[in-house]
Amino acid sequence: MTAAPAPTRLPAAADAETYAYASDEQRWRAVRERDDAADGAFYYAVTTTGIYNRPSCAARLARRENVEFHASLEELRLRGYRPCRRCRPGEPEPTREHAALVARVCLLMDTAAAPLNLDELAQSAGYSRFHFHRMFKSLTGLTPHTYWTAVRARRVREELIRARTVSDAIYQSGFTTTGQFYAVSTAILGMTPQEFRAGAAGVEIRYAMAVTDEAPVLVAVTDHGVCAVLEGPEQAAREQLAELFPYAVRRADDRWFEARLGRLMARPAARYPVDPLLPREIRRLCRHERIRQLLRIHPDAVADVPKAAALGAG
């Protein structure tokens, strides 16, 4: 019986420009950062699970001592490893092609000054209206229209910080009238535009950490809605929140909100993963928008129910 080959040593780099992932340290950094650009350059296998993955896989990070690096799918299969069902290394190209098409359409929406209709988006992808809509939603968890509204909402939050006036921020974000913006401003900001620009001076903000399919997030709310979804470790996310709303009254000890958010995030609809073949920034926007949608659908999770009940009792 022929022995399975040992893990392949990828070529030692003569310089950094020749091999971007030449050392184990560089490859491990790519895995830690879920580097999309590393896909195809190598694969990694987890010895304790017997599963191999792409470097960009969104699965929970394994311990370094349990990870091997391999140059080809063939040697992984010879060693008896199984492909990850999440990132699907070695899967036929159509799925990757679909992800590339959706990513390209997302880029169009990210840079468009005005909304593109579904027919225009489908035509740019080379699909019928129906098939494109279904493909887009299956990969992102959002409809094309919802993705566009999320892009526009992200823009207005960014523009409100740096634009000269509120009106400038509104029009530079893709809204055609101020009335159109103010009809949805509370859902986007969780407060008035003036309060948002003023660092939420005097606004009470409650926040809690939640777990998503890819990364921990801090969800911050006011009594009017979600004001921020910030991704990353808790301390870093808290610092981002303080930088965004330096003059707010921030409450981190709201056990009721923390428990309610945890129950909502445990729902199947909240845990449905965005396709890991999509670029990281697209995945991030889709995750955050779905959290906002979830809290809009369940407004009782945002309202300060314990405080309201206490006021009623008084």
# chains A, B, ... in the order shown; residues from 1 in each chain; ligands from 1

$ select_by_dssp --residues "stretch 6-236 of chain A" --states "alpha helix (DSSP H)" --output "PyMOL selection string"
chain A and resi 24-32+73-78+93-111+118-125+129-140+144-162+166-172+178-182+185-189+193-197+234-236

$ closest_atom_pairs --of "stretch 210-243 of chain A" --to "stretch 58-71 of chain A" --cutoff "9 Å" --atoms "only C-alpha atoms" --output "CSV"
residue,atom,partner,partner_atom,distance
A:Asp213,CA,A:Ala58,CA,7.5
A:Glu214,CA,A:Ala58,CA,5.5
A:Ala215,CA,A:Ala58,CA,8.6

$ closest_atom_pairs --of "stretch 31-90 of chain A" --to "stretch 19-24 of chain A" --cutoff "9 Å" --atoms "only C-alpha atoms" --output "tab-separated table"
residue	atom	partner	partner_atom	distance
A:Ala38	CA	A:Tyr21	CA	7.5
A:Ala41	CA	A:Tyr21	CA	7.4
A:Phe42	CA	A:Tyr21	CA	8.2
A:Phe69	CA	A:Asp24	CA	7.6

$ atom_distance --atom1 "atom CA of A:Asp35" --atom2 "atom CA of A:Val226"
29.7 Å

$ atom_distance --atom1 "atom CA of A:Cys57" --atom2 "atom CA of A:Gln240"
25.9 Å

$ residues_around --residues "A:Ala103" --least-positions-apart "4" --cutoff "7 Å" --atoms "only C-alpha atoms" --output "number ranges by chain"
A: 99, 107, 278

$ atom_distance --atom1 "atom CA of A:Arg280" --atom2 "atom CA of A:Ile188"
22.1 Å

$ closest_residue --among "A:Glu120, A:Tyr147, A:Asp168, A:Glu97" --to "A:Cys286" --atoms "only C-alpha atoms"
A:Tyr147

$ select_by_dssp --residues "stretch 4-167 of chain A" --states "strand (DSSP E)" --output "list in words"
Tyr43, Tyr44, Ala45, Val46, Ile51, Tyr52, Asn53, Val67, Glu68, Phe69, His70, Arg82 and Pro83 of chain A
